[in-house]
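Asker: Can you keep this structure in mind? I'll have questions shortly.
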There are 2 protein chains.
Amino acid sequence: MTIPVTLQPVLRRLESRVRLDEDDRAAIHSLPIQNRTVESASYMVREGELVEYCIILLTGFAYRHKITGDGQRQIMSIHMPGEFLDLQNSLLGVADHNVQALTRCEVARVPVAALRGLSEERPRVGQAMWIETLVDSAIFREWVVNVGRRNSISRISHLLCEIALRLEEAGLAENHRYELPMTQEQLADCTGLTPVHVNRVLKELSRLRLINRNKRSVEIVEWDRLQQIGDFNTRYLHFEAGGPVNLQPAR
Amino acid sequence: MTIPVTLQPVLRRLESRVRLDEDDRAAIHSLPIQNRTVESASYMVREGELVEYCIILLTGFAYRHKITGDGQRQIMSIHMPGEFLDLQNSLLGVADHNVQALTRCEVARVPVAALRGLSEERPRVGQAMWIETLVDSAIFREWVVNVGRRNSISRISHLLCEIALRLEEAGLAENHRYELPMTQEQLADCTGLTPVHVNRVLKELSRLRLINRNKRSVEIVEWDRLQQIGDFNTRYLHFEAGGPVNLQPAR
DNA sequence: GAGATCATATAATCCATGTTATAAAATCAC
DNA sequence: GTGATTTTATAACATGGATTATATGATCTC
């Protein structure tokens, strides 16, 4: 028996950056979606695959990653409810990376043709979806900086700050406290480190009383300090994108 | 006196992935552009700036980068003629990174409002532009992998392969031979290494007779070997995107 | 609730890459 | 062309994070 889930969280997200009207909302709600439950660790998209459906994450967490020729893994993003997991595939055709469930997830599958149609018929919705992919892109850029130029303690701090704020923005956490459904090995694969070293860094962040950890729950105790150590600045998350007015005619 | 330049290279690029009609082309050619010459090393966009114009690179090379809190630089992409440098700014508003000239460049500046209008009036062009940003995004993902999980010799090899193929695809180089207008320091900032170590790696690649260097010119002598060492696979460059048919109704 | 499996913890050792320094070569500015 | 500046080259030494190993604690399976 499936838990009832809706596209509500997606709508919330799209409308946070673009003003939509009733017809736009109706068009989204009438997308021919299939709901699915996906078990933890199962693959939703595999690199090299010709993609026929895009996936919207309704509940749970997922991540995108690639495996290098010598078998190492690099995670390139973490996803939370309300996010598209692979909107780029609606226009690129062949997946260039894997998408995997971090926890058990409820997802909606939407045929790529329906998404292309939606973006042509409702240009405002098309732009909202485009913006989602642009924000993804901004996050990838920041991750290039994170793994390219920050030391281990900064990398982990930065990641913890990013996840906290994205969860809070989505209404899924508050007070810099959240459940992080990731193993230390997965944190290592996000930050280009080894699991052993992630363990050392987490221990150090706890010792400094910047965070409290208890199993998978994280509380950022000293937000300002952690943000500083992680060289974290929210700009790249584009929470505003000029606010929902950004698609009005230029002033 | 300005060299005469046209939007032709942009059109070529957009049409490589999406079929455009005469009206689409006309709309692009009637964009209200301003041509500018930009000196080497000058900034075209600065992080934090509210962006009013998007920039199309017509001749020359440019790059995007961020500076970390402690003054280190990470380059996140290299751009060549025909590419948009900051199309994402047309919808995101505030720049989250810098765009700087690598050589003297001829560019076209297009008001962001004109680009938004274009994408609403000519949805096909809008999708073509969207695809450009999606390919950028795919390249950022690969760069996360490159700096996160590959060793120094792989990182440099991967970068040399990527630039070779992108230049060839754009008709700007052939036979895996090209002028790379970057210092070793800039290569270091692309790959998350130090300039000293980049020098060591380049020396090693030459010693192994995989590449020939002479000043800034690069010739990849053993393409297959370099590709293998760099763990390089063209998939992420999406040269096809399903070919220009990818926007036909789903089969 | 007993094993099996997976995740965390932690120590000892190693090494790929960073750091610092110096000099030569190339390029730039006038 | 000349001096100033930038870039490349290279050596000696340092280190942050990797590697390997082992133990313990959690969590899953039936």
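Numbering starts fresh at 1 for the residues of each chain in the structure tokens, the chains themselves are lettered A, B, ... in the order given, and ligands are numbered from 1 as they appear.
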Considering only C-alpha atoms, extract the chain B residues located within 6 Å of chain A and return them as a ChimeraX atom specification.

Answerer: /B:69,74,92-93,96,113,137,140,144-145,147-149,192,231,236,241-242,250

Asker: Kindly save the residues from that selection, with C-alpha atoms included, as a short mmCIF file (atom, residue, chain, number, x, y, z; two decimals), in the first residue's frame.

Answerer:
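Output file again.cif follows:
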```cif
data_model
loop_
_atom_site.label_atom_id
_atom_site.label_comp_id
_atom_site.auth_asym_id
_atom_site.auth_seq_id
_atom_site.Cartn_x
_atom_site.Cartn_y
_atom_site.Cartn_z
CA GLY B 69 38.05 33.31 1.92
CA GLN B 74 39.45 27.88 -8.20
CA LEU B 92 19.50 34.16 -11.37
CA GLY B 93 20.11 37.88 -11.07
CA ASP B 96 27.82 33.85 -7.82
CA ALA B 113 15.57 41.22 -20.51
CA SER B 137 26.30 21.86 -15.78
CA PHE B 140 30.86 21.17 -13.77
CA VAL B 144 33.83 17.84 -9.35
CA VAL B 145 34.90 14.28 -10.11
CA VAL B 147 39.31 17.49 -8.62
CA GLY B 148 37.61 15.24 -6.06
CA ARG B 149 38.83 11.81 -7.06
CA GLY B 192 43.04 22.11 -7.56
CA ASP B 231 39.94 8.57 -17.25
CA TYR B 236 29.54 14.28 -20.36
CA ALA B 241 22.18 15.49 -27.07
CA GLY B 242 20.34 12.95 -29.21
CA ALA B 250 8.90 11.41 -28.30
#
```

Asker: Give one line per residue of chain D that approaches chain A to at most 12 Å, naming the two atoms of the closest pair and their distance in Å to one decimal, counting only C-alpha atoms (C1' of nucleotides); sort by chain then ascending residue number and deliver it as a tab-separated table.

Answerer:
```
residue	atom	partner	partner_atom	distance
D:DG16	C1'	A:Asn151	CA	8.4
D:DG17	C1'	A:His197	CA	7.0
D:DA18	C1'	A:Thr194	CA	7.3
D:DT19	C1'	A:Val196	CA	9.6
D:DT20	C1'	A:Val196	CA	10.9
D:DG25	C1'	A:Lys215	CA	11.2
D:DA26	C1'	A:Lys215	CA	9.4
D:DT27	C1'	A:Lys215	CA	11.8
```

Asker: Just write the chosen residues, N, CA and C atoms (P, O5', C5', C4', C3', O3' and C1' of nucleotides), as a PDB file, in the first residue's frame.

Answerer:
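File result22.pdb, as written:
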```pdb
ATOM      1  P    DG D  16      49.660  19.907   8.118  1.00  0.00           P
ATOM      2  O5'  DG D  16      48.365  19.750   7.206  1.00  0.00           O
ATOM      3  C5'  DG D  16      48.391  20.182   5.850  1.00  0.00           C
ATOM      4  C4'  DG D  16      47.611  19.209   4.990  1.00  0.00           C
ATOM      5  C3'  DG D  16      46.313  18.701   5.596  1.00  0.00           C
ATOM      6  O3'  DG D  16      45.381  18.660   4.519  1.00  0.00           O
ATOM      7  C1'  DG D  16      47.795  16.865   5.222  1.00  0.00           C
ATOM      8  P    DG D  17      43.869  18.314   4.718  1.00  0.00           P
ATOM      9  O5'  DG D  17      43.819  16.783   4.319  1.00  0.00           O
ATOM     10  C5'  DG D  17      44.212  16.448   2.984  1.00  0.00           C
ATOM     11  C4'  DG D  17      44.495  14.984   2.895  1.00  0.00           C
ATOM     12  C3'  DG D  17      43.370  14.048   3.338  1.00  0.00           C
ATOM     13  O3'  DG D  17      43.082  13.235   2.227  1.00  0.00           O
ATOM     14  C1'  DG D  17      45.440  13.351   4.216  1.00  0.00           C
ATOM     15  P    DA D  18      42.286  11.933   2.120  1.00  0.00           P
ATOM     16  O5'  DA D  18      43.404  10.812   1.889  1.00  0.00           O
ATOM     17  C5'  DA D  18      44.220  10.895   0.728  1.00  0.00           C
ATOM     18  C4'  DA D  18      45.063   9.636   0.599  1.00  0.00           C
ATOM     19  C3'  DA D  18      44.278   8.333   0.624  1.00  0.00           C
ATOM     20  O3'  DA D  18      44.863   7.450  -0.339  1.00  0.00           O
ATOM     21  C1'  DA D  18      45.793   8.388   2.452  1.00  0.00           C
ATOM     22  P    DT D  19      44.293   6.022  -0.609  1.00  0.00           P
ATOM     23  O5'  DT D  19      45.098   5.085   0.392  1.00  0.00           O
ATOM     24  C5'  DT D  19      46.507   5.046   0.336  1.00  0.00           C
ATOM     25  C4'  DT D  19      47.007   4.049   1.378  1.00  0.00           C
ATOM     26  C3'  DT D  19      46.192   2.749   1.462  1.00  0.00           C
ATOM     27  O3'  DT D  19      47.133   1.693   1.261  1.00  0.00           O
ATOM     28  C1'  DT D  19      46.537   3.662   3.617  1.00  0.00           C
ATOM     29  P    DT D  20      46.672   0.180   1.005  1.00  0.00           P
ATOM     30  O5'  DT D  20      46.804  -0.471   2.447  1.00  0.00           O
ATOM     31  C5'  DT D  20      48.017  -0.314   3.192  1.00  0.00           C
ATOM     32  C4'  DT D  20      47.781  -0.782   4.612  1.00  0.00           C
ATOM     33  C3'  DT D  20      46.840  -1.986   4.752  1.00  0.00           C
ATOM     34  O3'  DT D  20      47.593  -3.014   5.371  1.00  0.00           O
ATOM     35  C1'  DT D  20      46.318  -0.304   6.322  1.00  0.00           C
ATOM     36  P    DG D  25      32.120  -1.219  22.512  1.00  0.00           P
ATOM     37  O5'  DG D  25      31.001  -0.511  21.624  1.00  0.00           O
ATOM     38  C5'  DG D  25      31.306   0.683  20.927  1.00  0.00           C
ATOM     39  C4'  DG D  25      30.314   0.839  19.805  1.00  0.00           C
ATOM     40  C3'  DG D  25      28.865   0.527  20.203  1.00  0.00           C
ATOM     41  O3'  DG D  25      28.103   1.645  19.782  1.00  0.00           O
ATOM     42  C1'  DG D  25      29.451  -0.648  18.238  1.00  0.00           C
ATOM     43  P    DA D  26      26.620   1.841  20.153  1.00  0.00           P
ATOM     44  O5'  DA D  26      26.075   2.116  18.690  1.00  0.00           O
ATOM     45  C5'  DA D  26      26.020   1.032  17.849  1.00  0.00           C
ATOM     46  C4'  DA D  26      25.402   1.416  16.553  1.00  0.00           C
ATOM     47  C3'  DA D  26      23.891   1.243  16.557  1.00  0.00           C
ATOM     48  O3'  DA D  26      23.351   2.050  15.532  1.00  0.00           O
ATOM     49  C1'  DA D  26      24.970  -0.571  15.433  1.00  0.00           C
ATOM     50  P    DT D  27      21.822   2.189  15.287  1.00  0.00           P
ATOM     51  O5'  DT D  27      21.554   1.025  14.233  1.00  0.00           O
ATOM     52  C5'  DT D  27      22.297   1.022  13.018  1.00  0.00           C
ATOM     53  C4'  DT D  27      21.895  -0.188  12.220  1.00  0.00           C
ATOM     54  C3'  DT D  27      20.411  -0.496  12.316  1.00  0.00           C
ATOM     55  O3'  DT D  27      19.882  -0.268  11.015  1.00  0.00           O
ATOM     56  C1'  DT D  27      21.762  -2.453  12.588  1.00  0.00           C
TER      57       DT D  27
END
```

Asker: If we count only C-alpha atoms (C1' of nucleotides), what is near DT24 (chain D) at a cut-off of 12 Å, once residues fewer than 4 positions away on the same chain are taken out, given as a PyMOL selection string?

Answerer: chain C and resi 7-10

Asker: Output C-alpha atoms (C1' of nucleotides) of each residue in that selection to a file, as an mmCIF file, in the first residue's frame.

Answerer:
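Saved to again.cif:
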```cif
data_model
loop_
_atom_site.group_PDB
_atom_site.id
_atom_site.type_symbol
_atom_site.label_atom_id
_atom_site.label_comp_id
_atom_site.auth_asym_id
_atom_site.auth_seq_id
_atom_site.Cartn_x
_atom_site.Cartn_y
_atom_site.Cartn_z
ATOM 1 C "C1'" DA C 7 29.391 1.666 10.180
ATOM 2 C "C1'" DT C 8 32.311 4.006 13.341
ATOM 3 C "C1'" DA C 9 36.517 4.659 15.856
ATOM 4 C "C1'" DT C 10 41.353 5.061 16.225
#
```

Asker: So that I can check the surroundings of DC28 (chain D), please list as a list in words every protein, DNA and RNA residue that reaches within 9 Å of it, counting only C-alpha atoms (C1' of nucleotides) and ignoring chain neighbours fewer than 2 positions away.

Answerer: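 Here the qualifying residues turn out to be DA4, DT5 and DC6 of chain C.
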
Asker: Please report as CSV every residue of chain C lying within 9 Å of chain B, along with the nearest atom pair and their distance in Å (one decimal), using only C-alpha atoms (C1' of nucleotides).

Answerer:
```
residue,atom,partner,partner_atom,distance
C:DA16,C1',B:Asn151,CA,8.4
C:DT17,C1',B:His197,CA,7.1
C:DG18,C1',B:Thr194,CA,7.2
```

Asker: Residues near Gln184 (chain A), anyone? I mean within 7 Å using only C-alpha atoms (C1' of nucleotides), not counting same-chain ones fewer than 4 positions away, as a PDB file with N, CA and C atoms, in the first residue's frame.

Answerer:
```
ATOM      1  N   ALA A 188      32.535  11.232   2.780  1.00  0.00           N
ATOM      2  CA  ALA A 188      33.855  11.226   2.138  1.00  0.00           C
ATOM      3  C   ALA A 188      33.712  11.351   0.622  1.00  0.00           C
ATOM      4  N   PRO A 195      36.998   7.914   4.154  1.00  0.00           N
ATOM      5  CA  PRO A 195      36.129   7.761   5.325  1.00  0.00           C
ATOM      6  C   PRO A 195      36.905   7.940   6.638  1.00  0.00           C
ATOM      7  N   VAL A 198      37.319  11.603   7.257  1.00  0.00           N
ATOM      8  CA  VAL A 198      36.042  12.223   7.636  1.00  0.00           C
ATOM      9  C   VAL A 198      35.787  11.979   9.117  1.00  0.00           C
ATOM     10  N   ASN A 199      36.075  10.770   9.549  1.00  0.00           N
ATOM     11  CA  ASN A 199      35.893  10.455  10.964  1.00  0.00           C
ATOM     12  C   ASN A 199      36.731  11.385  11.850  1.00  0.00           C
TER      13      ASN A 199
END
```

Asker: Check the DSSP output for the backbone and give back, as a list in words, the residues of region 15-114 of chain B in alpha helix (DSSP H).

Answerer: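 Selection result, alpha helix (DSSP H) within region 15-114 of chain B: Glu15, Glu22, Asp23, Asp24, Arg25, Ala26, Ala27, Ile28, His29, Asn89, Ser90, Leu91, Leu92, Val112, Ala113 and Ala114 of chain B.
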
Asker: Quick check, in Å to one decimal: how far apart do CA of Ser16 (chain A) and CA of Met80 (chain A) lie?

Answerer: 15.6 Å

Asker: Find the spatial neighbours of Asn214 (chain B), counting only C-alpha atoms (C1' of nucleotides), within a cut-off of 12 Å - ignore same-chain residues fewer than 2 positions away - and output them as a ChimeraX atom specification.

Answerer: /B:177-180,202-203,206,211-212,216-220 /D:8

Asker: Using DSSP on the backbone coordinates, identify the residues of region 97-249 of chain A assigned to strand (DSSP E or B); present them as a PDB file with N, CA and C atoms, in the first residue's frame.

Answerer:
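Final output, result-v6.pdb:
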```pdb
ATOM      1  N   ASN A  98      24.990   8.694 -12.279  1.00  0.00           N
ATOM      2  CA  ASN A  98      24.020   7.843 -11.601  1.00  0.00           C
ATOM      3  C   ASN A  98      23.194   8.645 -10.603  1.00  0.00           C
ATOM      4  N   VAL A  99      21.964   8.188 -10.380  1.00  0.00           N
ATOM      5  CA  VAL A  99      21.132   8.750  -9.316  1.00  0.00           C
ATOM      6  C   VAL A  99      20.709   7.586  -8.432  1.00  0.00           C
ATOM      7  N   GLN A 100      20.966   7.714  -7.145  1.00  0.00           N
ATOM      8  CA  GLN A 100      20.732   6.608  -6.236  1.00  0.00           C
ATOM      9  C   GLN A 100      20.016   7.094  -4.983  1.00  0.00           C
ATOM     10  N   ALA A 101      19.198   6.227  -4.397  1.00  0.00           N
ATOM     11  CA  ALA A 101      18.451   6.595  -3.189  1.00  0.00           C
ATOM     12  C   ALA A 101      19.351   6.496  -1.962  1.00  0.00           C
ATOM     13  N   CYS A 105      12.575   6.172  -0.576  1.00  0.00           N
ATOM     14  CA  CYS A 105      12.023   7.404  -1.143  1.00  0.00           C
ATOM     15  C   CYS A 105      10.667   7.146  -1.785  1.00  0.00           C
ATOM     16  N   GLU A 106       9.823   8.169  -1.744  1.00  0.00           N
ATOM     17  CA  GLU A 106       8.663   8.206  -2.624  1.00  0.00           C
ATOM     18  C   GLU A 106       9.019   9.147  -3.759  1.00  0.00           C
ATOM     19  N   VAL A 107       8.832   8.683  -4.990  1.00  0.00           N
ATOM     20  CA  VAL A 107       9.155   9.535  -6.135  1.00  0.00           C
ATOM     21  C   VAL A 107       7.995   9.573  -7.110  1.00  0.00           C
ATOM     22  N   ALA A 108       7.977  10.604  -7.947  1.00  0.00           N
ATOM     23  CA  ALA A 108       7.050  10.659  -9.072  1.00  0.00           C
ATOM     24  C   ALA A 108       7.876  10.565 -10.346  1.00  0.00           C
ATOM     25  N   ARG A 109       7.465   9.688 -11.243  1.00  0.00           N
ATOM     26  CA  ARG A 109       8.139   9.575 -12.541  1.00  0.00           C
ATOM     27  C   ARG A 109       7.317  10.325 -13.572  1.00  0.00           C
ATOM     28  N   VAL A 110       7.965  11.165 -14.350  1.00  0.00           N
ATOM     29  CA  VAL A 110       7.266  11.942 -15.372  1.00  0.00           C
ATOM     30  C   VAL A 110       7.943  11.686 -16.706  1.00  0.00           C
ATOM     31  N   PRO A 111       7.183  11.295 -17.730  1.00  0.00           N
ATOM     32  CA  PRO A 111       7.809  11.068 -19.047  1.00  0.00           C
ATOM     33  C   PRO A 111       8.485  12.349 -19.539  1.00  0.00           C
ATOM     34  N   GLU A 174      14.867  23.004  11.289  1.00  0.00           N
ATOM     35  CA  GLU A 174      15.032  24.342  11.845  1.00  0.00           C
ATOM     36  C   GLU A 174      16.076  24.317  12.953  1.00  0.00           C
ATOM     37  N   ARG A 177      19.446  22.065  13.067  1.00  0.00           N
ATOM     38  CA  ARG A 177      19.461  20.716  13.613  1.00  0.00           C
ATOM     39  C   ARG A 177      18.710  19.810  12.635  1.00  0.00           C
ATOM     40  N   TYR A 178      19.309  18.693  12.295  1.00  0.00           N
ATOM     41  CA  TYR A 178      18.648  17.828  11.313  1.00  0.00           C
ATOM     42  C   TYR A 178      19.186  16.406  11.358  1.00  0.00           C
ATOM     43  N   GLU A 179      18.437  15.518  10.721  1.00  0.00           N
ATOM     44  CA  GLU A 179      18.892  14.143  10.531  1.00  0.00           C
ATOM     45  C   GLU A 179      19.636  14.086   9.205  1.00  0.00           C
ATOM     46  N   ILE A 211      29.727  21.337  16.596  1.00  0.00           N
ATOM     47  CA  ILE A 211      28.542  20.538  16.287  1.00  0.00           C
ATOM     48  C   ILE A 211      28.336  19.494  17.386  1.00  0.00           C
ATOM     49  N   ASN A 212      27.097  19.012  17.491  1.00  0.00           N
ATOM     50  CA  ASN A 212      26.778  17.847  18.309  1.00  0.00           C
ATOM     51  C   ASN A 212      26.292  16.759  17.380  1.00  0.00           C
ATOM     52  N   ARG A 213      26.863  15.570  17.547  1.00  0.00           N
ATOM     53  CA  ARG A 213      26.363  14.462  16.750  1.00  0.00           C
ATOM     54  C   ARG A 213      25.842  13.382  17.670  1.00  0.00           C
ATOM     55  N   ASN A 214      24.778  12.736  17.242  1.00  0.00           N
ATOM     56  CA  ASN A 214      24.251  11.604  17.976  1.00  0.00           C
ATOM     57  C   ASN A 214      23.677  10.694  16.905  1.00  0.00           C
ATOM     58  N   SER A 217      22.047  12.235  13.730  1.00  0.00           N
ATOM     59  CA  SER A 217      21.514  13.588  13.881  1.00  0.00           C
ATOM     60  C   SER A 217      22.654  14.581  14.086  1.00  0.00           C
ATOM     61  N   VAL A 218      22.500  15.718  13.464  1.00  0.00           N
ATOM     62  CA  VAL A 218      23.526  16.760  13.510  1.00  0.00           C
ATOM     63  C   VAL A 218      22.899  18.022  14.076  1.00  0.00           C
ATOM     64  N   GLU A 219      23.582  18.631  15.019  1.00  0.00           N
ATOM     65  CA  GLU A 219      23.163  19.955  15.473  1.00  0.00           C
ATOM     66  C   GLU A 219      24.368  20.879  15.344  1.00  0.00           C
ATOM     67  N   ILE A 220      24.168  21.952  14.617  1.00  0.00           N
ATOM     68  CA  ILE A 220      25.260  22.917  14.485  1.00  0.00           C
ATOM     69  C   ILE A 220      25.122  23.892  15.644  1.00  0.00           C
TER      70      ILE A 220
END
```
